[in-house]
Amino acid sequence: MYKTFQLKTEAHDQMIDITSEVQSWISEQGVEDGIVIVSSMHTTAGLTVNENADPDVKTDMLRRFREMYPWEDSKDEHAEGNTAAHMKTSTVGHAQNILISDGQLVLGTWQGLYFCEFDGPRNRKFVARIV
Amino acid sequence: MYKTFQLKTEAHDQMIDITSEVQSWISEQGVEDGIVIVSSMHTTAGLTVNENADPDVKTDMLRRFREMYPWEDSKDEHAEGNTAAHMKTSTVGHAQNILISDGQLVLGTWQGLYFCEFDGPRNRKFVARIV
Amino acid sequence: MYKTFQLKTEAHDQMIDITSEVQSWISEQGVEDGIVIVSSMHTTAGLTVNENADPDVKTDMLRRFREMYPWEDSKDEHAEGNTAAHMKTSTVGHAQNILISDGQLVLGTWQGLYFCEFDGPRNRKFVARIV
């Protein structure tokens, strides 16, 4: 039970809710209990679990991440110029685990799983495996 | 092998050692080898593995997190005013994995598993599954 | 399928690519599909997945982490003086999961698994389990 998902991001920084897409796949597999590991295939885009209600949380988080990790930094040596995106990816993590119980992702009322684009827009991939 | 744990936090920011509670449950299950995934059910409280010896480490970490993510930020748009707690949760992570070997959590001498409250005090929940 | 790995770090801050070492062990086990959980046994050294191509990314990341978490901080109470290393470890995480498919770690073209030393040089250990 392994799947590659594709998505197209539309901004330089973006948090895209992928909860329902992952849940749909789990439901199709008929899995009742276990865990799902979801992993970005990139080093400038990660995954996080955070609030799925007020979209201002995403706006604030992306802005605060930009302030913490300025895109322009004269001390950066990486020629591609996207060190900030690498920092953000390691901060949120490249992968997340979510428990599955009774066929459903075990998430709190306000929790959603987000694909975090930090150097877009681009075509991106993430993978998932149920254990 | 799945359990929901409840706890009551007592401060706005707090790191609560839940290692022995999780270990006790694993021992009750009679599991010898595997992994346990422990997950916060909240978006303003996460989990981390860090030092279990000198309590000053927790004090310093919570203070440094407050400095990095100021609670008051005039640019925040989220009306609930707790964007800083969302940032901290995505930074430490909503969930952690720990290996199990010979019935014991595989942790280094100084490692403990902490529930990290970032917007308390509140009644909180976390879940765990052994795979 | 559980193994303890040893390594000797050579600098105060260092990111060491352990991808091929972990892949070799998985290949020896003959595992085709699953996940591997890799975990640092320390609270001042973590693990992250990030770029494996341009070594300047590591240089930039370690420098930016030093700027974000200054080693000297007069407000720190932890007598050992390495609170910055504890912060970095909780930021990147003590453990990472990687999917396995067709006997190979499922990583993007530019992804590598790094052991992150934040208070070296030291003799260090990490553990891995395949599920």
# chains A, B, ... in the order shown; residues from 1 in each chain; ligands from 1
>>> select_by_dssp(residues="chain B", states="strand (DSSP E or B)", output="PDB file with N, CA and C atoms, in the first residue's frame")
ATOM      1  N   TYR B   2      -3.640   0.698  20.505  1.00  0.00           N
ATOM      2  CA  TYR B   2      -3.903   2.103  20.254  1.00  0.00           C
ATOM      3  C   TYR B   2      -4.490   2.681  21.537  1.00  0.00           C
ATOM      4  N   LYS B   3      -4.022   3.828  21.944  1.00  0.00           N
ATOM      5  CA  LYS B   3      -4.554   4.415  23.176  1.00  0.00           C
ATOM      6  C   LYS B   3      -4.617   5.943  23.092  1.00  0.00           C
ATOM      7  N   THR B   4      -5.641   6.495  23.689  1.00  0.00           N
ATOM      8  CA  THR B   4      -5.751   7.942  23.858  1.00  0.00           C
ATOM      9  C   THR B   4      -5.390   8.292  25.297  1.00  0.00           C
ATOM     10  N   PHE B   5      -4.474   9.226  25.450  1.00  0.00           N
ATOM     11  CA  PHE B   5      -4.032   9.695  26.769  1.00  0.00           C
ATOM     12  C   PHE B   5      -4.571  11.113  26.987  1.00  0.00           C
ATOM     13  N   GLN B   6      -4.893  11.411  28.214  1.00  0.00           N
ATOM     14  CA  GLN B   6      -5.354  12.753  28.550  1.00  0.00           C
ATOM     15  C   GLN B   6      -4.364  13.391  29.520  1.00  0.00           C
ATOM     16  N   LEU B   7      -4.201  14.677  29.427  1.00  0.00           N
ATOM     17  CA  LEU B   7      -3.393  15.364  30.442  1.00  0.00           C
ATOM     18  C   LEU B   7      -3.885  16.798  30.584  1.00  0.00           C
ATOM     19  N   LYS B   8      -3.556  17.373  31.724  1.00  0.00           N
ATOM     20  CA  LYS B   8      -3.962  18.743  32.007  1.00  0.00           C
ATOM     21  C   LYS B   8      -2.687  19.554  32.176  1.00  0.00           C
ATOM     22  N   GLN B  14       4.825  24.791  28.465  1.00  0.00           N
ATOM     23  CA  GLN B  14       5.253  23.750  29.400  1.00  0.00           C
ATOM     24  C   GLN B  14       5.689  22.504  28.634  1.00  0.00           C
ATOM     25  N   MET B  15       6.761  21.915  29.083  1.00  0.00           N
ATOM     26  CA  MET B  15       7.192  20.624  28.530  1.00  0.00           C
ATOM     27  C   MET B  15       6.997  19.564  29.618  1.00  0.00           C
ATOM     28  N   ILE B  16       6.123  18.591  29.324  1.00  0.00           N
ATOM     29  CA  ILE B  16       5.748  17.575  30.311  1.00  0.00           C
ATOM     30  C   ILE B  16       6.309  16.228  29.860  1.00  0.00           C
ATOM     31  N   ASP B  17       7.103  15.621  30.712  1.00  0.00           N
ATOM     32  CA  ASP B  17       7.726  14.336  30.382  1.00  0.00           C
ATOM     33  C   ASP B  17       6.669  13.231  30.419  1.00  0.00           C
ATOM     34  N   GLY B  34       9.287  -3.200  18.031  1.00  0.00           N
ATOM     35  CA  GLY B  34       8.451  -2.448  17.115  1.00  0.00           C
ATOM     36  C   GLY B  34       8.774  -0.983  17.189  1.00  0.00           C
ATOM     37  N   ILE B  35       7.774  -0.190  16.881  1.00  0.00           N
ATOM     38  CA  ILE B  35       7.885   1.261  17.064  1.00  0.00           C
ATOM     39  C   ILE B  35       6.587   1.755  17.683  1.00  0.00           C
ATOM     40  N   VAL B  36       6.682   2.877  18.371  1.00  0.00           N
ATOM     41  CA  VAL B  36       5.469   3.536  18.841  1.00  0.00           C
ATOM     42  C   VAL B  36       5.441   4.920  18.210  1.00  0.00           C
ATOM     43  N   ILE B  37       4.271   5.291  17.723  1.00  0.00           N
ATOM     44  CA  ILE B  37       4.054   6.637  17.187  1.00  0.00           C
ATOM     45  C   ILE B  37       3.141   7.350  18.177  1.00  0.00           C
ATOM     46  N   VAL B  38       3.598   8.474  18.653  1.00  0.00           N
ATOM     47  CA  VAL B  38       2.834   9.251  19.633  1.00  0.00           C
ATOM     48  C   VAL B  38       2.506  10.592  18.982  1.00  0.00           C
ATOM     49  N   SER B  39       1.267  11.021  19.082  1.00  0.00           N
ATOM     50  CA  SER B  39       0.816  12.177  18.301  1.00  0.00           C
ATOM     51  C   SER B  39      -0.080  13.085  19.132  1.00  0.00           C
ATOM     52  N   SER B  40       0.229  14.370  19.129  1.00  0.00           N
ATOM     53  CA  SER B  40      -0.647  15.362  19.737  1.00  0.00           C
ATOM     54  C   SER B  40      -1.910  15.501  18.897  1.00  0.00           C
ATOM     55  N   ALA B  45       0.033  22.505  20.426  1.00  0.00           N
ATOM     56  CA  ALA B  45       0.800  21.686  21.372  1.00  0.00           C
ATOM     57  C   ALA B  45       1.405  20.552  20.566  1.00  0.00           C
ATOM     58  N   GLY B  46       2.696  20.336  20.728  1.00  0.00           N
ATOM     59  CA  GLY B  46       3.381  19.308  19.958  1.00  0.00           C
ATOM     60  C   GLY B  46       4.105  18.328  20.855  1.00  0.00           C
ATOM     61  N   LEU B  47       5.019  17.596  20.240  1.00  0.00           N
ATOM     62  CA  LEU B  47       5.809  16.594  20.962  1.00  0.00           C
ATOM     63  C   LEU B  47       7.260  16.732  20.539  1.00  0.00           C
ATOM     64  N   THR B  48       8.166  16.487  21.487  1.00  0.00           N
ATOM     65  CA  THR B  48       9.573  16.439  21.113  1.00  0.00           C
ATOM     66  C   THR B  48      10.306  15.481  22.028  1.00  0.00           C
ATOM     67  N   VAL B  49      11.462  15.023  21.559  1.00  0.00           N
ATOM     68  CA  VAL B  49      12.362  14.217  22.379  1.00  0.00           C
ATOM     69  C   VAL B  49      13.548  15.105  22.719  1.00  0.00           C
ATOM     70  N   ASN B  50      13.795  15.301  24.025  1.00  0.00           N
ATOM     71  CA  ASN B  50      14.935  16.101  24.429  1.00  0.00           C
ATOM     72  C   ASN B  50      15.353  15.741  25.848  1.00  0.00           C
ATOM     73  N   GLU B  51      16.253  16.530  26.418  1.00  0.00           N
ATOM     74  CA  GLU B  51      16.904  16.140  27.682  1.00  0.00           C
ATOM     75  C   GLU B  51      15.957  15.956  28.873  1.00  0.00           C
ATOM     76  N   ALA B  95       4.067  14.988  16.178  1.00  0.00           N
ATOM     77  CA  ALA B  95       4.175  13.558  16.516  1.00  0.00           C
ATOM     78  C   ALA B  95       5.638  13.140  16.550  1.00  0.00           C
ATOM     79  N   GLN B  96       5.914  12.099  17.304  1.00  0.00           N
ATOM     80  CA  GLN B  96       7.266  11.546  17.344  1.00  0.00           C
ATOM     81  C   GLN B  96       7.184  10.019  17.319  1.00  0.00           C
ATOM     82  N   ASN B  97       8.226   9.417  16.775  1.00  0.00           N
ATOM     83  CA  ASN B  97       8.363   7.951  16.756  1.00  0.00           C
ATOM     84  C   ASN B  97       9.475   7.541  17.681  1.00  0.00           C
ATOM     85  N   ILE B  98       9.272   6.483  18.387  1.00  0.00           N
ATOM     86  CA  ILE B  98      10.347   5.910  19.193  1.00  0.00           C
ATOM     87  C   ILE B  98      10.383   4.408  18.943  1.00  0.00           C
ATOM     88  N   LEU B  99      11.568   3.876  18.772  1.00  0.00           N
ATOM     89  CA  LEU B  99      11.726   2.439  18.564  1.00  0.00           C
ATOM     90  C   LEU B  99      11.501   1.711  19.891  1.00  0.00           C
ATOM     91  N   ILE B 100      11.068   0.468  19.782  1.00  0.00           N
ATOM     92  CA  ILE B 100      10.906  -0.404  20.951  1.00  0.00           C
ATOM     93  C   ILE B 100      11.793  -1.622  20.733  1.00  0.00           C
ATOM     94  N   SER B 101      12.567  -1.971  21.742  1.00  0.00           N
ATOM     95  CA  SER B 101      13.414  -3.164  21.663  1.00  0.00           C
ATOM     96  C   SER B 101      13.429  -3.831  23.031  1.00  0.00           C
ATOM     97  N   GLN B 104      11.364  -2.239  25.719  1.00  0.00           N
ATOM     98  CA  GLN B 104      11.697  -0.908  26.218  1.00  0.00           C
ATOM     99  C   GLN B 104      11.782   0.115  25.084  1.00  0.00           C
ATOM    100  N   LEU B 105      11.362   1.329  25.361  1.00  0.00           N
ATOM    101  CA  LEU B 105      11.605   2.432  24.434  1.00  0.00           C
ATOM    102  C   LEU B 105      13.109   2.555  24.230  1.00  0.00           C
ATOM    103  N   GLN B 111      17.611  11.082  26.931  1.00  0.00           N
ATOM    104  CA  GLN B 111      16.426  11.399  26.125  1.00  0.00           C
ATOM    105  C   GLN B 111      15.120  11.091  26.849  1.00  0.00           C
ATOM    106  N   GLY B 112      14.196  12.031  26.788  1.00  0.00           N
ATOM    107  CA  GLY B 112      12.840  11.827  27.272  1.00  0.00           C
ATOM    108  C   GLY B 112      11.858  12.331  26.235  1.00  0.00           C
ATOM    109  N   LEU B 113      10.629  11.808  26.275  1.00  0.00           N
ATOM    110  CA  LEU B 113       9.585  12.261  25.352  1.00  0.00           C
ATOM    111  C   LEU B 113       8.725  13.300  26.062  1.00  0.00           C
ATOM    112  N   TYR B 114       8.569  14.441  25.437  1.00  0.00           N
ATOM    113  CA  TYR B 114       7.842  15.552  26.052  1.00  0.00           C
ATOM    114  C   TYR B 114       6.594  15.944  25.259  1.00  0.00           C
ATOM    115  N   PHE B 115       5.510  16.162  26.011  1.00  0.00           N
ATOM    116  CA  PHE B 115       4.353  16.855  25.460  1.00  0.00           C
ATOM    117  C   PHE B 115       4.616  18.340  25.656  1.00  0.00           C
ATOM    118  N   CYS B 116       4.549  19.101  24.577  1.00  0.00           N
ATOM    119  CA  CYS B 116       4.910  20.526  24.613  1.00  0.00           C
ATOM    120  C   CYS B 116       3.656  21.380  24.504  1.00  0.00           C
ATOM    121  N   GLU B 117       3.268  21.946  25.608  1.00  0.00           N
ATOM    122  CA  GLU B 117       2.143  22.882  25.626  1.00  0.00           C
ATOM    123  C   GLU B 117       2.646  24.254  25.213  1.00  0.00           C
ATOM    124  N   ASN B 123      -6.865  21.330  28.956  1.00  0.00           N
ATOM    125  CA  ASN B 123      -6.976  19.878  28.904  1.00  0.00           C
ATOM    126  C   ASN B 123      -6.546  19.436  27.518  1.00  0.00           C
ATOM    127  N   ARG B 124      -5.656  18.458  27.471  1.00  0.00           N
ATOM    128  CA  ARG B 124      -5.073  18.051  26.187  1.00  0.00           C
ATOM    129  C   ARG B 124      -5.157  16.536  26.012  1.00  0.00           C
ATOM    130  N   LYS B 125      -4.988  16.113  24.766  1.00  0.00           N
ATOM    131  CA  LYS B 125      -4.997  14.684  24.449  1.00  0.00           C
ATOM    132  C   LYS B 125      -3.844  14.347  23.520  1.00  0.00           C
ATOM    133  N   PHE B 126      -3.298  13.171  23.705  1.00  0.00           N
ATOM    134  CA  PHE B 126      -2.402  12.633  22.682  1.00  0.00           C
ATOM    135  C   PHE B 126      -2.722  11.164  22.495  1.00  0.00           C
ATOM    136  N   VAL B 127      -2.365  10.667  21.338  1.00  0.00           N
ATOM    137  CA  VAL B 127      -2.672   9.274  21.008  1.00  0.00           C
ATOM    138  C   VAL B 127      -1.375   8.530  20.704  1.00  0.00           C
ATOM    139  N   ALA B 128      -1.412   7.221  20.866  1.00  0.00           N
ATOM    140  CA  ALA B 128      -0.244   6.402  20.559  1.00  0.00           C
ATOM    141  C   ALA B 128      -0.690   5.100  19.908  1.00  0.00           C
ATOM    142  N   ARG B 129       0.118   4.649  18.995  1.00  0.00           N
ATOM    143  CA  ARG B 129      -0.113   3.348  18.369  1.00  0.00           C
ATOM    144  C   ARG B 129       1.219   2.621  18.279  1.00  0.00           C
ATOM    145  N   ILE B 130       1.191   1.333  18.591  1.00  0.00           N
ATOM    146  CA  ILE B 130       2.373   0.476  18.441  1.00  0.00           C
ATOM    147  C   ILE B 130       2.247  -0.282  17.122  1.00  0.00           C
TER     148      ILE B 130
END
>>> closest_atom_pairs(of="chain C", to="chain A", cutoff="6 Å", atoms="only C-alpha atoms", output="tab-separated table")
residue	atom	partner	partner_atom	distance
C:Asn50	CA	A:Thr43	CA	5.1
C:Glu51	CA	A:Thr43	CA	5.7
C:Asp56	CA	A:His78	CA	4.9
C:Val57	CA	A:His78	CA	5.5
C:Asp60	CA	A:Asp76	CA	5.5
C:Thr91	CA	A:Thr91	CA	5.5
C:Val92	CA	A:Thr91	CA	5.4
C:Leu107	CA	A:Met41	CA	5.9
C:Gly108	CA	A:Met41	CA	4.4
>>> write_last_selection(atoms="all heavy atoms", output="compact mmCIF listing (two decimals), in the first residue's frame")
# COMPACT_ATOMS: atom_id res chain seq x y z
N ASN C 50 17.72 16.35 3.79
CA ASN C 50 17.89 17.57 3.02
C ASN C 50 18.85 17.32 1.85
O ASN C 50 19.20 16.17 1.57
CB ASN C 50 18.33 18.75 3.91
CG ASN C 50 17.68 20.06 3.46
OD1 ASN C 50 17.89 20.51 2.33
ND2 ASN C 50 16.87 20.65 4.32
N GLU C 51 19.27 18.42 1.20
CA GLU C 51 19.99 18.28 -0.07
C GLU C 51 21.32 17.54 0.02
O GLU C 51 22.14 17.82 0.88
CB GLU C 51 20.23 19.67 -0.67
CG GLU C 51 21.16 19.61 -1.87
CD GLU C 51 21.02 20.73 -2.84
OE1 GLU C 51 19.95 21.34 -2.91
OE2 GLU C 51 22.00 21.00 -3.57
N ASP C 56 27.44 23.33 -0.19
CA ASP C 56 27.19 24.67 0.36
C ASP C 56 25.85 24.75 1.10
O ASP C 56 25.67 25.61 1.96
CB ASP C 56 27.21 25.73 -0.75
CG ASP C 56 28.63 26.01 -1.25
OD1 ASP C 56 29.59 25.68 -0.52
OD2 ASP C 56 28.76 26.54 -2.37
N VAL C 57 24.91 23.87 0.74
CA VAL C 57 23.63 23.89 1.47
C VAL C 57 23.89 23.55 2.93
O VAL C 57 23.37 24.21 3.84
CB VAL C 57 22.61 22.90 0.84
CG1 VAL C 57 21.36 22.80 1.70
CG2 VAL C 57 22.25 23.36 -0.56
N ASP C 60 25.55 26.53 4.64
CA ASP C 60 24.58 27.60 4.91
C ASP C 60 23.63 27.21 6.04
O ASP C 60 23.33 28.05 6.91
CB ASP C 60 23.73 27.90 3.66
CG ASP C 60 24.53 28.58 2.55
OD1 ASP C 60 25.69 28.96 2.79
OD2 ASP C 60 23.97 28.72 1.44
N THR C 91 14.42 21.18 16.72
CA THR C 91 13.95 21.81 15.47
C THR C 91 14.03 20.84 14.30
O THR C 91 13.07 20.70 13.53
CB THR C 91 14.77 23.09 15.18
OG1 THR C 91 14.57 24.01 16.26
CG2 THR C 91 14.34 23.74 13.87
N VAL C 92 15.15 20.16 14.13
CA VAL C 92 15.24 19.21 13.00
C VAL C 92 14.58 17.89 13.35
O VAL C 92 14.08 17.19 12.47
CB VAL C 92 16.69 18.97 12.53
CG1 VAL C 92 17.33 20.27 12.05
CG2 VAL C 92 17.56 18.28 13.57
N LEU C 107 13.56 8.22 -1.86
CA LEU C 107 14.05 9.59 -1.68
C LEU C 107 14.05 10.29 -3.03
O LEU C 107 14.27 9.65 -4.07
CB LEU C 107 15.48 9.57 -1.12
CG LEU C 107 15.64 9.12 0.34
CD1 LEU C 107 17.10 8.88 0.68
CD2 LEU C 107 15.05 10.17 1.28
N GLY C 108 13.79 11.58 -3.01
CA GLY C 108 13.89 12.35 -4.24
C GLY C 108 15.33 12.47 -4.69
O GLY C 108 16.27 12.15 -3.95
